[in-house]
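Chemist: Sharing input.txt, compact mmCIF, C-alpha atoms and all ligand atoms:
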# COMPACT_ATOMS: atom_id res chain seq x y z
CA MET A 95 -8.05 144.75 -49.54
CA GLY A 96 -7.49 148.45 -49.87
CA LEU A 97 -8.39 151.88 -48.62
CA GLU A 98 -11.33 152.37 -51.02
CA ARG A 99 -13.88 152.40 -48.20
CA LEU A 100 -11.93 155.16 -46.45
CA TRP A 101 -12.21 157.21 -49.64
CA ASP A 102 -15.90 156.35 -50.08
CA ILE A 103 -16.71 157.54 -46.55
CA SER A 104 -14.50 160.60 -47.01
CA ASN A 105 -16.22 161.56 -50.27
CA ALA A 106 -19.68 160.99 -48.81
CA LYS A 107 -18.96 163.21 -45.78
CA GLY A 108 -16.69 165.71 -47.55
CA SER A 109 -14.07 165.17 -44.83
CA ARG A 110 -10.36 164.42 -44.86
CA ILE A 111 -10.18 163.98 -41.09
CA ILE A 112 -8.86 160.84 -39.45
CA LEU A 113 -9.55 161.05 -35.73
CA ALA A 114 -6.80 159.80 -33.39
CA LEU A 115 -8.95 158.46 -30.55
CA ASP A 116 -6.27 158.52 -27.85
CA TYR A 117 -8.31 160.54 -25.33
CA GLY A 118 -12.00 160.40 -24.47
CA GLY A 119 -12.14 164.01 -23.25
CA LYS A 120 -15.33 165.12 -21.61
CA PHE A 121 -17.54 163.23 -24.09
CA GLY A 122 -15.86 159.83 -23.65
CA TYR A 123 -14.74 157.63 -26.56
CA GLU A 124 -18.20 156.52 -27.65
CA GLY A 125 -19.66 159.95 -27.02
CA LEU A 126 -17.07 161.45 -29.38
CA LEU A 127 -17.84 158.91 -32.08
CA ASN A 128 -21.54 159.66 -31.69
CA VAL A 129 -21.16 163.42 -32.15
CA LEU A 130 -18.50 163.34 -34.90
CA LYS A 131 -20.25 161.12 -37.46
CA GLU A 132 -20.78 163.93 -39.95
CA TYR A 133 -17.22 165.24 -39.78
CA VAL A 134 -14.78 162.35 -39.50
CA ALA A 135 -13.96 159.76 -42.18
CA GLY A 136 -11.52 157.44 -40.41
CA VAL A 137 -10.70 156.61 -36.81
CA LYS A 138 -7.23 155.59 -35.66
CA LEU A 139 -7.15 153.44 -32.52
CA GLY A 140 -4.06 152.29 -30.67
CA PHE A 141 -2.50 151.55 -27.32
CA PRO A 142 -3.98 154.53 -25.42
CA LEU A 143 -7.53 153.29 -26.10
CA LEU A 144 -6.73 149.58 -25.73
CA LEU A 145 -5.00 150.07 -22.39
CA GLU A 146 -7.87 152.20 -21.14
CA ILE A 147 -10.89 150.12 -22.16
CA GLY A 148 -9.44 146.67 -22.94
CA LEU A 149 -9.82 144.46 -25.95
CA ARG A 150 -13.51 143.73 -25.50
CA GLY A 151 -14.29 147.44 -25.31
CA LEU A 152 -12.20 148.15 -28.39
CA LYS A 153 -13.92 145.40 -30.40
CA ASP A 154 -17.34 146.70 -29.28
CA ILE A 155 -16.51 150.21 -30.47
CA ILE A 156 -15.46 148.95 -33.90
CA LYS A 157 -18.57 146.79 -34.21
CA ARG A 158 -20.88 149.61 -33.19
CA PHE A 159 -19.42 152.28 -35.43
CA SER A 160 -17.98 150.39 -38.41
CA SER A 161 -20.70 151.53 -40.80
CA GLU A 162 -19.89 155.18 -40.06
CA TYR A 163 -16.10 155.14 -39.91
CA PHE A 164 -13.08 153.38 -41.42
CA PHE A 165 -11.08 151.93 -38.51
CA ILE A 166 -7.27 151.96 -38.63
CA ALA A 167 -5.20 150.02 -36.08
CA ASP A 168 -2.27 152.08 -34.90
CA PHE A 169 -0.07 149.76 -32.89
CA LYS A 170 2.91 150.70 -35.06
CA ILE A 171 3.71 147.06 -35.70
CA GLY A 172 7.43 146.40 -35.81
CA ASP A 173 8.41 142.76 -35.52
CA ILE A 174 9.69 139.67 -37.31
CA PRO A 175 7.54 138.43 -40.22
CA SER A 176 5.88 135.49 -38.42
CA VAL A 177 4.76 137.71 -35.53
CA CYS A 178 3.64 140.47 -37.91
CA ARG A 179 1.47 137.89 -39.69
CA ILE A 180 -0.28 136.88 -36.45
CA ILE A 181 -0.86 140.49 -35.39
CA ALA A 182 -2.23 141.53 -38.80
CA GLY A 183 -4.61 138.55 -38.92
CA LYS A 184 -5.92 139.29 -35.41
CA LEU A 185 -6.43 142.99 -36.12
CA LYS A 186 -8.45 142.06 -39.21
CA GLU A 187 -10.56 139.67 -37.11
CA PHE A 188 -11.25 142.47 -34.60
CA GLY A 189 -12.79 144.53 -37.42
CA PHE A 190 -9.94 146.86 -38.34
CA GLU A 191 -9.68 147.55 -42.07
CA ALA A 192 -6.08 148.79 -42.09
CA ALA A 193 -3.03 148.66 -39.83
CA ILE A 194 -0.06 150.97 -39.39
CA ALA A 195 3.42 149.42 -39.24
CA HIS A 196 6.95 150.79 -38.98
CA ALA A 197 8.42 150.53 -42.50
CA ILE A 198 11.88 150.21 -40.98
CA VAL A 199 11.28 146.54 -40.02
CA GLY A 200 11.90 145.50 -43.62
CA PRO A 201 10.12 144.04 -46.65
CA GLU A 202 9.42 140.54 -45.31
CA SER A 203 7.67 141.89 -42.22
CA LEU A 204 5.73 144.43 -44.26
CA LYS A 205 4.61 141.78 -46.75
CA ALA A 206 3.45 139.52 -43.90
CA ILE A 207 1.16 142.38 -42.86
CA SER A 208 -0.02 143.50 -46.31
CA GLU A 209 -1.05 139.94 -47.16
CA ASN A 210 -3.45 139.95 -44.21
CA ILE A 211 -4.78 143.51 -43.85
CA SER A 212 -4.39 146.81 -45.71
CA LEU A 213 -0.98 148.14 -44.74
CA ILE A 214 -0.26 151.78 -43.98
CA ALA A 215 3.50 152.11 -43.59
CA LEU A 216 5.08 154.70 -41.32
CA VAL A 217 7.96 156.20 -43.32
CA SER A 218 8.60 159.37 -41.36
CA MET A 219 7.52 160.87 -38.04
CA SER A 220 6.23 164.22 -36.81
CA HIS A 221 8.06 164.84 -33.52
CA PRO A 222 11.37 166.72 -33.14
CA GLY A 223 13.29 163.55 -32.14
CA SER A 224 12.47 161.69 -35.36
CA THR A 225 15.66 162.75 -37.19
CA LEU A 226 17.05 159.25 -37.72
CA ILE A 227 13.93 157.77 -39.33
CA ASN A 228 13.35 160.97 -41.33
CA MET A 229 16.87 160.76 -42.80
CA HIS A 230 15.93 157.47 -44.46
CA VAL A 231 12.58 158.45 -45.89
CA ASP A 232 13.45 157.69 -49.54
CA GLU A 233 14.51 154.11 -48.82
CA LEU A 234 11.53 153.56 -46.52
CA VAL A 235 9.03 154.78 -49.12
CA ARG A 236 10.55 152.53 -51.79
CA MET A 237 10.50 149.54 -49.48
CA ALA A 238 6.91 150.18 -48.43
CA LEU A 239 5.76 150.47 -52.06
CA ASN A 240 7.52 147.22 -52.93
CA SER A 241 5.93 145.45 -49.97
CA GLY A 242 2.28 146.01 -50.84
CA ALA A 243 1.59 149.13 -48.75
CA GLN A 244 -1.74 150.76 -49.58
CA GLY A 245 -0.97 153.88 -47.62
CA LEU A 246 1.85 155.84 -45.98
CA VAL A 247 2.13 157.97 -42.84
CA ALA A 248 4.16 161.17 -43.31
CA PRO A 249 4.37 164.26 -41.08
CA ALA A 250 2.55 167.59 -41.37
CA THR A 251 5.21 169.14 -39.12
CA PHE A 252 7.91 168.55 -41.76
CA PRO A 253 6.15 169.67 -44.97
CA LYS A 254 9.26 169.26 -47.12
CA ILE A 255 9.49 165.60 -46.14
CA LEU A 256 5.77 165.14 -46.73
CA THR A 257 6.03 166.67 -50.20
CA ARG A 258 9.03 164.45 -50.94
CA VAL A 259 7.00 161.37 -49.93
CA ARG A 260 4.20 162.47 -52.27
CA ARG A 261 6.72 162.89 -55.11
CA LEU A 262 8.14 159.42 -54.52
CA ALA A 263 4.68 157.87 -54.24
CA PRO A 264 2.31 159.87 -56.45
CA GLU A 265 -0.57 157.40 -56.36
CA ILE A 266 -0.67 156.16 -52.79
CA THR A 267 -2.93 157.40 -49.98
CA ILE A 268 -0.96 159.50 -47.48
CA ILE A 269 -2.25 160.18 -43.98
CA SER A 270 -0.54 162.88 -41.98
CA PRO A 271 -0.25 163.58 -38.24
CA GLY A 272 0.99 166.83 -36.74
CA VAL A 273 -1.80 169.30 -37.47
CA GLY A 274 -3.32 171.20 -34.57
CA ILE A 275 -1.59 170.72 -31.22
CA GLN A 276 1.73 169.59 -32.76
CA GLY A 277 1.92 172.88 -34.62
CA ALA A 278 1.02 172.48 -38.30
CA PRO A 279 -2.04 174.46 -39.41
CA TYR A 280 -5.16 172.53 -40.46
CA GLY A 281 -5.14 172.02 -44.22
CA ALA A 282 -1.34 172.39 -44.40
CA ALA A 283 -0.72 168.66 -44.77
CA LEU A 284 -3.23 168.46 -47.63
CA ARG A 285 -1.44 171.36 -49.34
CA ALA A 286 1.92 169.59 -48.90
CA GLY A 287 0.68 166.39 -50.55
CA ALA A 288 -1.28 164.37 -47.97
CA ASP A 289 -4.78 163.01 -48.54
CA PHE A 290 -5.92 162.89 -44.93
CA GLU A 291 -5.02 164.78 -41.75
CA ILE A 292 -4.83 162.86 -38.49
CA CYS A 293 -6.37 165.02 -35.75
CA GLY A 294 -6.20 163.96 -32.13
CA ARG A 295 -6.23 166.20 -29.07
CA SER A 296 -7.40 169.32 -30.89
CA ILE A 297 -10.74 167.52 -31.38
CA THR A 298 -10.88 164.94 -28.57
CA LEU A 299 -10.00 167.41 -25.80
CA ALA A 300 -12.01 170.31 -27.20
CA GLU A 301 -14.92 171.84 -25.30
CA ASP A 302 -17.03 171.47 -28.44
CA PRO A 303 -15.53 168.74 -30.67
CA PRO A 304 -18.14 168.89 -33.50
CA THR A 305 -17.62 172.65 -33.97
CA ILE A 306 -13.83 172.20 -34.08
CA ALA A 307 -14.13 169.31 -36.54
CA LYS A 308 -16.51 171.33 -38.73
CA GLY A 309 -13.98 174.20 -38.76
CA ILE A 310 -11.16 171.82 -39.73
CA MET A 311 -13.27 170.44 -42.58
CA LYS A 312 -13.84 173.96 -43.88
CA LEU A 313 -10.09 174.71 -43.88
CA GLN A 314 -9.42 171.37 -45.56
CA LYS A 315 -11.90 172.17 -48.33
CA GLU A 316 -10.12 175.47 -48.97
CA ALA A 317 -6.76 173.65 -49.03
CA ILE A 318 -7.97 171.07 -51.54
CA LYS A 319 -9.42 173.77 -53.83
CA LYS A 320 -6.07 175.54 -54.19
P1 LIG A 401 -2.44 164.77 -31.84
O1 LIG A 401 -3.25 165.41 -32.97
O2 LIG A 401 -3.18 164.72 -30.54
O3 LIG A 401 -1.05 165.31 -31.73
O4 LIG A 401 -2.31 163.20 -32.21
C1 LIG A 401 -1.53 162.74 -33.26
C2 LIG A 401 -1.73 161.26 -33.44
O5 LIG A 401 -0.91 160.83 -34.53
C3 LIG A 401 -1.36 160.40 -32.24
O6 LIG A 401 -2.25 159.31 -32.20
C4 LIG A 401 0.04 159.90 -32.58
O7 LIG A 401 0.27 158.59 -32.07
C5 LIG A 401 0.00 159.83 -34.10
N1 LIG A 401 1.31 160.03 -34.77
C6 LIG A 401 2.01 161.23 -34.62
O8 LIG A 401 1.58 162.15 -33.93
N2 LIG A 401 3.20 161.36 -35.27
C7 LIG A 401 3.74 160.38 -36.05
O9 LIG A 401 4.79 160.58 -36.61
C8 LIG A 401 3.03 159.18 -36.18
C9 LIG A 401 1.82 159.02 -35.53
O10 LIG A 401 1.13 157.90 -35.65
Output the file's structure in the form of structure tokens.
Modeler:
Amino acid sequence: MGLERLWDISNAKGSRIILALDYGGKFGYEGLLNVLKEYVAGVKLGFPLLLEIGLRGLKDIIKRFSSEYFFIADFKIGDIPSVCRIIAGKLKEFGFEAAIAHAIVGPESLKAISENISLIALVSMSHPGSTLINMHVDELVRMALNSGAQGLVAPATFPKILTRVRRLAPEITIISPGVGIQGAPYGAALRAGADFEICGRSITLAEDPPTIAKGIMKLQKEAIKK
């Protein structure tokens, strides 16, 4: 278990975009996945999609598009170890290759997940109200690394925190939300130490999603070069 396939797809497409598929926009969820194949490496699915199209619809999407994209479950798991174990096992069965969990739930819960699916631990958040979690980023990174995490989520909107996470975890894959509508420029998270940028509404709600995604890829390439 690992994030190697995410990297393989990313390298093949030359893209560091993970699409947050929370909105269907004018193309609809499947329509978006059809037109973004060249530009997006990973797709992050969570409650917005599940509650809109149901479990059968979600499983169908993963089945249909799993050769083109790396699917990440974003239900921000945060529970006791035995429940985490059930959730992680089910998400794997549904076709997800990685799952995001709140690091703050502790090492036993995180290990119960990482033993069943590739774990991406949320160690810091992008919105203005995330002060409390962001104050504990060092401990959360250490705990995630000791609990088998293969990846971390850290925010583009707080570049100093993101860079700190990269320093504490030089080898791990970091995915970063907050570019575009939340205010950080495209490419900025890559410059601050992330490997992938999570892009949601700026692509899903765009008039012309492929053109926007292509533009983001271009800015990302410039960011990686520097
Ligand atoms: P958008 O680009 O539309 O702002 O979407 C960002 C995505 O990243 C959403 O799916 C959100 O749940 C997720 N996210 C975030 O914005 N900040 C975090 O700290 C953690 C997240 O998972």
Chemist: Point out the residue among A:Asp168, A:Glu209, A:Asp102, A:Glu316 with the least atom-to-atom distance to ligand LIG 401 (chain A), counting only C-alpha atoms and all ligand atoms.
Modeler: A:Asp168
Chemist: Between A:Leu216, A:Cys178, A:Leu262, A:Met95, which one has atoms that come closest to ligand LIG 401 (chain A), using all atoms listed in the file?
Modeler: A:Leu216
Chemist: Using all atoms listed in the file, find each residue with an atom at most 9 Å away from ligand LIG 401 (chain A) and format the answer as an MDAnalysis selection string.
Modeler: chainID A and resid 113:117 138:142 168:170 194 216:221 224 247:251 270:277 291:299
Chemist: Just the number, please: distance in Å from atom CA of Gly148 of chain A to atom CA of Gly96 of chain A, one decimal.
Modeler: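 Value for the atom CA of Gly148 of chain A-atom CA of Gly96 of chain A distance: 27.1 Å.
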Chemist: Enter the distance from atom CA of Trp101 of chain A to atom CA of Gly136 of chain A, in Å, rounded to one decimal.
Modeler: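 Rounded to one decimal, the two atoms are 9.3 Å apart.
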Chemist: Please, what distance in Å, to one decimal, runs between atom CA of Ser241 of chain A and atom CA of Ala167 of chain A?
Modeler: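 So the answer is 18.4 Å.
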Chemist: For Ile207 of chain A, find every residue with an atom within 12 Å (counting all atoms listed in the file), except residues of its own chain fewer than 4 positions away, and show them as a PyMOL selection string.
Modeler: chain A and resi 95+170-186+192-197+199-203+211-215+238+241-244
Chemist: Within 8 Å of segment 126-132 of chain A, counting all atoms listed in the file, which residues qualify if same-chain residues fewer than 5 places away don't, as JSON, numbers by chain?
Modeler: {"A": [107, 118, 121, 159, 162, 163, 298, 303, 304, 307]}
Chemist: Nearest to Glu301 of chain A: which of A:Val137, A:Ala317, A:Lys120, A:Ile269 is it, counting only C-alpha atoms?
Modeler: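 Distance minimum relative to Glu301 of chain A lands on A:Lys120.
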Chemist: Using all atoms listed in the file, pick whichever of A:Ile166, A:Leu239, A:Ile156, A:Leu143 has the shortest atom-to-atom distance to Arg99 of chain A.
Modeler: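 Of all the options, A:Ile166 lies closest to Arg99 of chain A.
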Chemist: Restricting the calculation to only C-alpha atoms, which member of A:Ala206, A:Ile112, A:Leu145, A:Ala288 is positioned closest to Phe165 of chain A?
Modeler: A:Ile112
Chemist: As a list in words, please: the residues near Lys312 of chain A (cut-off 10 Å, all atoms listed in the file, same-chain neighbours under 5 positions excluded).
Modeler: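 Returned residues: Gly108, Ser109, Tyr280, Gly281, Ile306, Ala307 and Ala317 of chain A.
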Chemist: Could you write out that same residue set with C-alpha atoms as a short mmCIF file (atom, residue, chain, number, x, y, z; two decimals), in the coordinates of the input?
Modeler:
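The file below, out.cif, is the result:
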data_model
loop_
_atom_site.label_atom_id
_atom_site.label_comp_id
_atom_site.auth_asym_id
_atom_site.auth_seq_id
_atom_site.Cartn_x
_atom_site.Cartn_y
_atom_site.Cartn_z
CA GLY A 108 -16.69 165.71 -47.55
CA SER A 109 -14.07 165.17 -44.83
CA TYR A 280 -5.16 172.53 -40.46
CA GLY A 281 -5.14 172.02 -44.22
CA ILE A 306 -13.83 172.20 -34.08
CA ALA A 307 -14.13 169.31 -36.54
CA ALA A 317 -6.76 173.65 -49.03
#
Chemist: Quick one: axis-aligned box around all listed atoms of segment 286-296 of chain A, 6 Å on every side, centre and edge lengths in Å to one decimal, written as AutoDock Vina command-line options.
Modeler:
--center_x -2.7 --center_y 166.2 --center_z -39.8 --size_x 21.3 --size_y 18.7 --size_z 33.5
Chemist: Go through A:Ala135, A:Leu234, A:Leu284, A:Pro279 one by one, measure the shortest atom-to-atom distance of each to Ser104 of chain A using all atoms listed in the file, and give the residue with the smallest value.
Modeler: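 Going through A:Ala135, A:Leu234, A:Leu284, A:Pro279 one by one, the smallest distance to Ser104 of chain A is for A:Ala135.
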Chemist: I want to know what sits within 9 Å of Gly287 of chain A, based on only C-alpha atoms, with residues of the same chain fewer than 3 positions away left out; could you give that as a PDB file with C-alpha atoms, in the coordinates of the input?
Modeler:
ATOM      1  CA  PRO A 253       6.150 169.670 -44.970  1.00  0.00           C
ATOM      2  CA  LEU A 256       5.770 165.140 -46.730  1.00  0.00           C
ATOM      3  CA  THR A 257       6.030 166.670 -50.200  1.00  0.00           C
ATOM      4  CA  ARG A 258       9.030 164.450 -50.940  1.00  0.00           C
ATOM      5  CA  VAL A 259       7.000 161.370 -49.930  1.00  0.00           C
ATOM      6  CA  ARG A 260       4.200 162.470 -52.270  1.00  0.00           C
ATOM      7  CA  ARG A 261       6.720 162.890 -55.110  1.00  0.00           C
ATOM      8  CA  PRO A 264       2.310 159.870 -56.450  1.00  0.00           C
ATOM      9  CA  ILE A 268      -0.960 159.500 -47.480  1.00  0.00           C
ATOM     10  CA  ALA A 282      -1.340 172.390 -44.400  1.00  0.00           C
ATOM     11  CA  ALA A 283      -0.720 168.660 -44.770  1.00  0.00           C
ATOM     12  CA  LEU A 284      -3.230 168.460 -47.630  1.00  0.00           C
TER      13      LEU A 284
END
Chemist: Tell me which protein, DNA and RNA residues are within 7 Å of Lys153 of chain A, counting all atoms listed in the file, leaving out same-chain ones fewer than 4 positions away, and put them as a VMD selection string.
Modeler: chain A and resid 149 157 188
